[in-house]
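> Provided herewith: input-v3.txt, compact mmCIF, C-alpha atoms.
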```
# COMPACT_ATOMS: atom_id res chain seq x y z
CA SER A 496 106.40 73.69 285.90
CA PRO A 497 106.31 77.12 287.62
CA LEU A 498 109.20 78.23 285.40
CA GLY A 499 107.30 77.16 282.31
CA TYR A 500 104.21 79.08 283.43
CA PHE A 501 106.33 82.16 284.13
CA TYR A 502 107.96 82.18 280.69
CA LEU A 503 104.66 81.50 278.99
CA SER A 504 102.84 84.29 280.84
CA VAL A 505 105.58 86.80 280.06
CA ILE A 506 105.66 85.89 276.38
CA ILE A 507 101.88 86.04 275.98
CA SER A 508 101.77 89.40 277.78
CA ILE A 509 104.46 90.86 275.52
CA THR A 510 102.73 89.60 272.40
CA MET A 511 99.35 90.97 273.46
CA ALA A 512 100.92 94.35 274.21
CA LEU A 513 102.59 94.47 270.81
CA LEU A 514 99.36 93.56 269.04
CA ILE A 515 97.44 96.23 270.96
CA VAL A 516 100.01 98.82 269.88
CA MET A 517 99.81 97.56 266.31
CA ASN A 518 96.00 97.76 266.24
CA ALA A 519 95.96 101.23 267.74
CA ASP A 520 98.44 102.50 265.18
CA LEU A 521 96.43 101.01 262.32
CA VAL A 522 93.23 102.70 263.47
CA PHE A 523 94.52 106.09 264.53
CA GLN A 524 97.57 106.69 262.37
CA GLY A 525 97.75 104.16 259.56
CA GLN A 526 101.54 104.37 259.55
CA ASN A 527 104.47 102.09 260.37
CA ASN A 528 102.23 99.05 259.85
CA ASN A 529 104.96 96.91 258.31
CA LEU A 530 107.21 97.46 261.31
CA HIS A 531 104.50 96.49 263.78
CA LEU A 532 103.48 93.47 261.74
CA ALA A 533 107.09 92.32 261.65
CA ILE A 534 107.50 92.78 265.41
CA ALA A 535 104.29 90.89 266.13
CA ALA A 536 105.17 88.09 263.73
CA ILE A 537 108.68 87.62 265.09
CA THR A 538 107.40 87.71 268.68
CA ALA A 539 104.78 85.13 267.81
CA THR A 540 107.50 82.92 266.37
CA VAL A 541 109.41 83.22 269.64
CA ILE A 542 106.26 82.01 271.40
CA ALA A 543 106.11 78.96 269.16
CA ALA A 544 109.81 78.18 269.63
CA ILE A 545 109.88 78.60 273.40
CA ALA A 546 106.54 76.89 273.92
CA ALA A 547 107.89 73.92 272.01
CA SER A 548 111.03 73.74 274.14
CA ILE A 549 110.22 74.73 277.74
CA PRO A 550 109.75 71.85 280.16
CA THR A 551 106.30 71.46 281.63
CA GLY A 552 104.72 69.12 284.10
CA ASN A 553 105.83 67.38 287.24
CA ILE A 554 107.83 64.21 286.67
CA ASP A 555 107.14 62.95 290.22
CA ASP A 556 103.37 63.19 289.79
CA PRO A 557 102.06 62.08 286.36
CA ARG A 558 98.57 63.39 287.15
CA LYS A 559 99.97 66.83 288.01
CA SER A 560 102.08 66.70 284.86
CA LYS A 561 99.04 66.01 282.69
CA ALA A 562 97.04 68.79 284.35
CA ASP A 563 99.91 71.26 283.87
CA ASP A 564 100.28 70.31 280.21
CA GLU A 565 96.55 70.67 279.57
CA SER A 566 96.46 74.04 281.32
CA ILE A 567 99.39 75.41 279.31
CA GLU A 568 97.91 74.05 276.08
CA SER A 569 94.61 75.77 276.92
CA MET A 570 96.42 79.07 277.56
CA LEU A 571 98.30 78.83 274.29
CA ASN A 572 95.15 77.99 272.32
CA GLU A 573 93.29 80.93 273.85
CA ALA A 574 96.18 83.32 273.15
CA GLN A 575 96.32 82.13 269.55
CA ARG A 576 92.56 82.47 269.12
CA ILE A 577 92.55 86.04 270.47
CA THR A 578 95.49 87.14 268.32
CA LYS A 579 94.42 85.06 265.29
CA THR A 580 97.90 83.57 265.25
CA GLY A 581 98.49 79.88 264.65
CA SER A 582 101.77 78.02 265.03
CA TRP A 583 103.31 75.24 262.98
CA LYS A 584 106.36 72.99 263.00
CA LEU A 585 107.97 71.25 260.05
CA ASP A 586 110.46 68.42 260.54
CA LEU A 587 112.78 68.79 257.56
CA MET A 588 114.20 65.30 258.10
CA THR A 589 110.88 63.40 258.04
CA HIS A 590 108.82 66.12 256.27
CA GLU A 591 106.23 65.77 259.04
CA LEU A 592 104.16 68.94 259.45
CA TRP A 593 102.20 69.95 262.57
CA TRP A 594 99.58 72.72 262.81
CA SER A 595 98.01 74.22 265.92
CA ASP A 596 94.21 74.48 266.12
CA GLU A 597 94.29 78.13 265.08
CA VAL A 598 96.10 77.32 261.83
CA TYR A 599 93.23 74.99 260.94
CA ASN A 600 90.81 77.80 261.84
CA ILE A 601 92.62 80.36 259.70
CA PHE A 602 92.85 77.95 256.76
CA GLU A 603 89.23 76.85 257.39
CA ILE A 604 90.25 73.20 257.22
CA ASP A 605 88.61 70.49 259.34
CA PRO A 606 91.38 68.65 261.26
CA GLU A 607 89.12 65.62 261.46
CA LEU A 608 89.04 65.34 257.67
CA PHE A 609 92.44 66.62 256.57
CA ASP A 610 95.94 66.22 258.00
CA ALA A 611 98.40 69.09 258.03
CA SER A 612 100.28 69.08 254.73
CA TYR A 613 102.23 71.42 252.50
CA GLU A 614 99.87 70.53 249.64
CA ALA A 615 96.82 71.65 251.65
CA PHE A 616 98.60 74.90 252.48
CA ILE A 617 99.85 75.70 248.98
CA ASP A 618 96.40 74.96 247.50
CA LEU A 619 95.02 77.79 249.64
CA VAL A 620 97.72 80.29 248.69
CA HIS A 621 96.57 82.69 246.00
CA PRO A 622 97.87 81.43 242.61
CA ASP A 623 99.72 84.71 242.03
CA ASP A 624 101.53 84.37 245.37
CA ARG A 625 102.52 80.69 245.34
CA LYS A 626 105.87 81.05 243.60
CA HIS A 627 106.90 83.97 245.80
CA VAL A 628 105.89 82.13 249.00
CA SER A 629 107.79 78.95 248.09
CA GLN A 630 110.84 80.91 246.94
CA ALA A 631 110.93 83.09 250.06
CA TYR A 632 110.85 80.07 252.37
CA ALA A 633 113.49 78.16 250.37
CA GLU A 634 115.81 81.18 250.42
CA SER A 635 115.35 81.66 254.17
CA VAL A 636 116.39 78.04 254.81
CA LEU A 637 119.34 78.30 252.43
CA ASN A 638 120.58 81.64 253.78
CA HIS A 639 119.85 80.94 257.49
CA THR A 640 117.55 83.96 257.66
CA THR A 641 114.11 84.57 259.16
CA TYR A 642 111.17 83.85 256.88
CA ASN A 643 108.70 86.75 257.05
CA ILE A 644 106.11 87.31 254.34
CA ILE A 645 102.62 88.70 253.79
CA HIS A 646 100.54 86.87 251.19
CA ARG A 647 96.97 86.03 250.25
CA LEU A 648 94.83 82.95 250.78
CA GLN A 649 92.07 82.27 248.26
CA PHE A 650 89.09 80.11 249.17
CA SER A 651 86.76 78.15 246.90
CA ASP A 652 83.99 80.75 247.26
CA GLY A 653 86.32 83.52 246.07
CA ARG A 654 87.03 85.05 249.49
CA ILE A 655 90.51 86.43 250.13
CA LYS A 656 92.42 86.48 253.41
CA TYR A 657 95.71 88.22 254.06
CA VAL A 658 98.16 86.40 256.34
CA ASN A 659 101.56 87.22 257.78
CA GLU A 660 103.86 84.20 258.03
CA CYS A 661 107.08 84.12 259.96
CA CYS A 662 109.41 81.26 260.86
CA LYS A 663 112.87 80.36 262.08
CA THR A 664 114.77 77.31 260.90
CA PHE A 665 117.06 75.35 263.22
CA TYR A 666 120.20 73.55 262.01
CA ASP A 667 122.46 70.76 263.24
CA GLU A 668 126.18 71.16 263.96
CA ASP A 669 126.97 70.50 260.31
CA GLY A 670 124.72 73.33 259.19
CA GLU A 671 122.01 71.03 257.82
CA PRO A 672 118.43 72.26 258.39
CA LYS A 673 116.56 70.13 260.95
CA ARG A 674 113.22 71.83 261.53
CA SER A 675 111.32 75.05 260.97
CA ILE A 676 109.06 76.55 263.64
CA GLY A 677 106.77 79.36 262.67
CA THR A 678 103.49 81.20 262.84
CA VAL A 679 100.72 82.36 260.54
CA GLN A 680 98.59 85.34 261.54
CA ASP A 681 95.31 86.39 259.93
CA ILE A 682 95.78 90.14 259.28
CA THR A 683 92.86 90.54 256.86
CA GLU A 684 91.01 93.24 258.82
CA LYS A 685 94.19 95.18 259.56
CA TYR A 686 95.45 94.92 255.98
CA GLN A 687 92.10 96.00 254.49
CA THR A 688 92.04 98.97 256.88
CA GLN A 689 95.50 99.90 255.69
CA LEU A 690 94.43 99.65 252.04
CA ALA A 691 91.28 101.72 252.69
CA LEU A 692 93.35 104.44 254.37
CA ALA A 693 95.79 104.49 251.46
CA GLU A 694 92.96 104.75 248.92
CA SER A 695 91.33 107.54 250.95
CA GLU A 696 94.60 109.47 251.01
CA GLN A 697 94.99 109.02 247.25
CA ARG A 698 91.45 110.31 246.60
CA LEU A 699 92.04 113.31 248.84
CA GLN A 700 95.33 114.06 247.12
CA SER A 701 93.64 113.80 243.72
CA ILE A 702 90.94 116.26 244.81
CA LEU A 703 93.56 118.68 246.10
CA ASP A 704 95.57 118.37 242.88
CA ASN A 705 92.49 119.03 240.73
CA THR A 706 91.46 121.98 242.90
CA THR A 707 94.93 123.49 242.62
CA ALA A 708 94.88 123.00 238.84
CA VAL A 709 91.53 124.84 238.52
CA ILE A 710 92.73 127.73 240.66
```
Once you've parsed the file, please lay out its structure as structure tokens.

Amino acid sequence: SPLGYFYLSVIISITMALLIVMNADLVFQGQNNNLHLAIAAITATVIAAIAASIPTGNIDDPRKSKADDESIESMLNEAQRITKTGSWKLDLMTHELWWSDEVYNIFEIDPELFDASYEAFIDLVHPDDRKHVSQAYAESVLNHTTYNIIHRLQFSDGRIKYVNECCKTFYDEDGEPKRSIGTVQDITEKYQTQLALAESEQRLQSILDNTTAVI
């Protein structure tokens, strides 16, 4: 529907703007990265939540409805590809998990061979991060808080990716959790840039300290 397109366009524009600001700050300043990552992650989660709830299509014309749905899906997929941000939804009643195409891309899993599953996800999480990831999500559901975490993925060839996950859990009138809707963003390049800047600053500080000591 026109309203759906409007909301979607606004949300994508806001997210892109936030990510541009975040990238610029990482390159030119190297500061306040955690704040920008949090803003981008939470905004991306809003995209997933609203995209899952806004009405689309034209009920009077099924063909128009299908075309509208396909167009919006294409826009969402392109936005996720550009920002390296996938979305997911977990039904806490049926334990059914859904991943967007970009989640499969980030996890490097073939959707034709493997279904979305918690087991497939946790197998990719770095062994040293698994307990923290599971505990952080469980506590967010229990305490009705936003789940926001940066952790590593480890692949069979030894490669490491850094991802930022964020999600919001929705509850029924009795306070029982019904579903979680969230995002996972590949921040490997940004995170490695941040680490390189920190190491460079440490080396410079060490040189200055040694120079001062000699003088």
> Just give me the gap between atom CA of Trp594 of chain A and atom CA of Val679 of chain A in Å, one decimal is fine.
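One can read the atom CA of Trp594 of chain A to atom CA of Val679 of chain A distance as 10.0 Å.
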> Taking (109.0, 82.6, 260.7) as a centre in this file's frame and 8 Å as the limit, can you find every polymer residue with an atom that close, using only C-alpha atoms, and give them as a PyMOL selection string?
chain A and resi 536-537+540+641-643+660-664+675-678
> Would you put the residues from that selection into a file with C-alpha atoms, as an mmCIF file, in the coordinates of the input?

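Below is the file out_0.cif, written as the result:
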```cif
data_model
loop_
_atom_site.group_PDB
_atom_site.id
_atom_site.type_symbol
_atom_site.label_atom_id
_atom_site.label_comp_id
_atom_site.auth_asym_id
_atom_site.auth_seq_id
_atom_site.Cartn_x
_atom_site.Cartn_y
_atom_site.Cartn_z
ATOM 1 C CA ALA A 536 105.170 88.090 263.730
ATOM 2 C CA ILE A 537 108.680 87.620 265.090
ATOM 3 C CA THR A 540 107.500 82.920 266.370
ATOM 4 C CA THR A 641 114.110 84.570 259.160
ATOM 5 C CA TYR A 642 111.170 83.850 256.880
ATOM 6 C CA ASN A 643 108.700 86.750 257.050
ATOM 7 C CA GLU A 660 103.860 84.200 258.030
ATOM 8 C CA CYS A 661 107.080 84.120 259.960
ATOM 9 C CA CYS A 662 109.410 81.260 260.860
ATOM 10 C CA LYS A 663 112.870 80.360 262.080
ATOM 11 C CA THR A 664 114.770 77.310 260.900
ATOM 12 C CA SER A 675 111.320 75.050 260.970
ATOM 13 C CA ILE A 676 109.060 76.550 263.640
ATOM 14 C CA GLY A 677 106.770 79.360 262.670
ATOM 15 C CA THR A 678 103.490 81.200 262.840
#
```
> Do you know which residues are at most 12 Å from Phe609 of chain A counting all atoms listed in the file, after dropping those on the same chain fewer than 5 positions away, and could you put them as a PyMOL selection string?
chain A and resi 593-594+599+602-604+614-616
> Name all residues at most 9 Å from His639 of chain A (count all atoms listed in the file; drop same-chain ones fewer than 4 positions away) and give them as a count of residues only.
7
> Quick one: distance from atom CA of Ser569 of chain A to atom CA of Ser612 of chain A in Å, one decimal?
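Interatomic distance, atom CA of Ser569 of chain A to atom CA of Ser612 of chain A: 23.9 Å.
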> Determine the nearest neighbour of Lys685 of chain A from the options A:Ser595, A:Ser566, A:Thr578, A:Gln700, counting all atoms listed in the file.
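The answer is A:Thr578, which sits nearest to Lys685 of chain A.
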> In terms of the shortest atom-to-atom distance over only C-alpha atoms, which of A:Asp652, A:Glu568, A:Glu668, A:Asp704 is closest to Leu619 of chain A?
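Going through A:Asp652, A:Glu568, A:Glu668, A:Asp704 one by one, the smallest distance to Leu619 of chain A is for A:Asp652.
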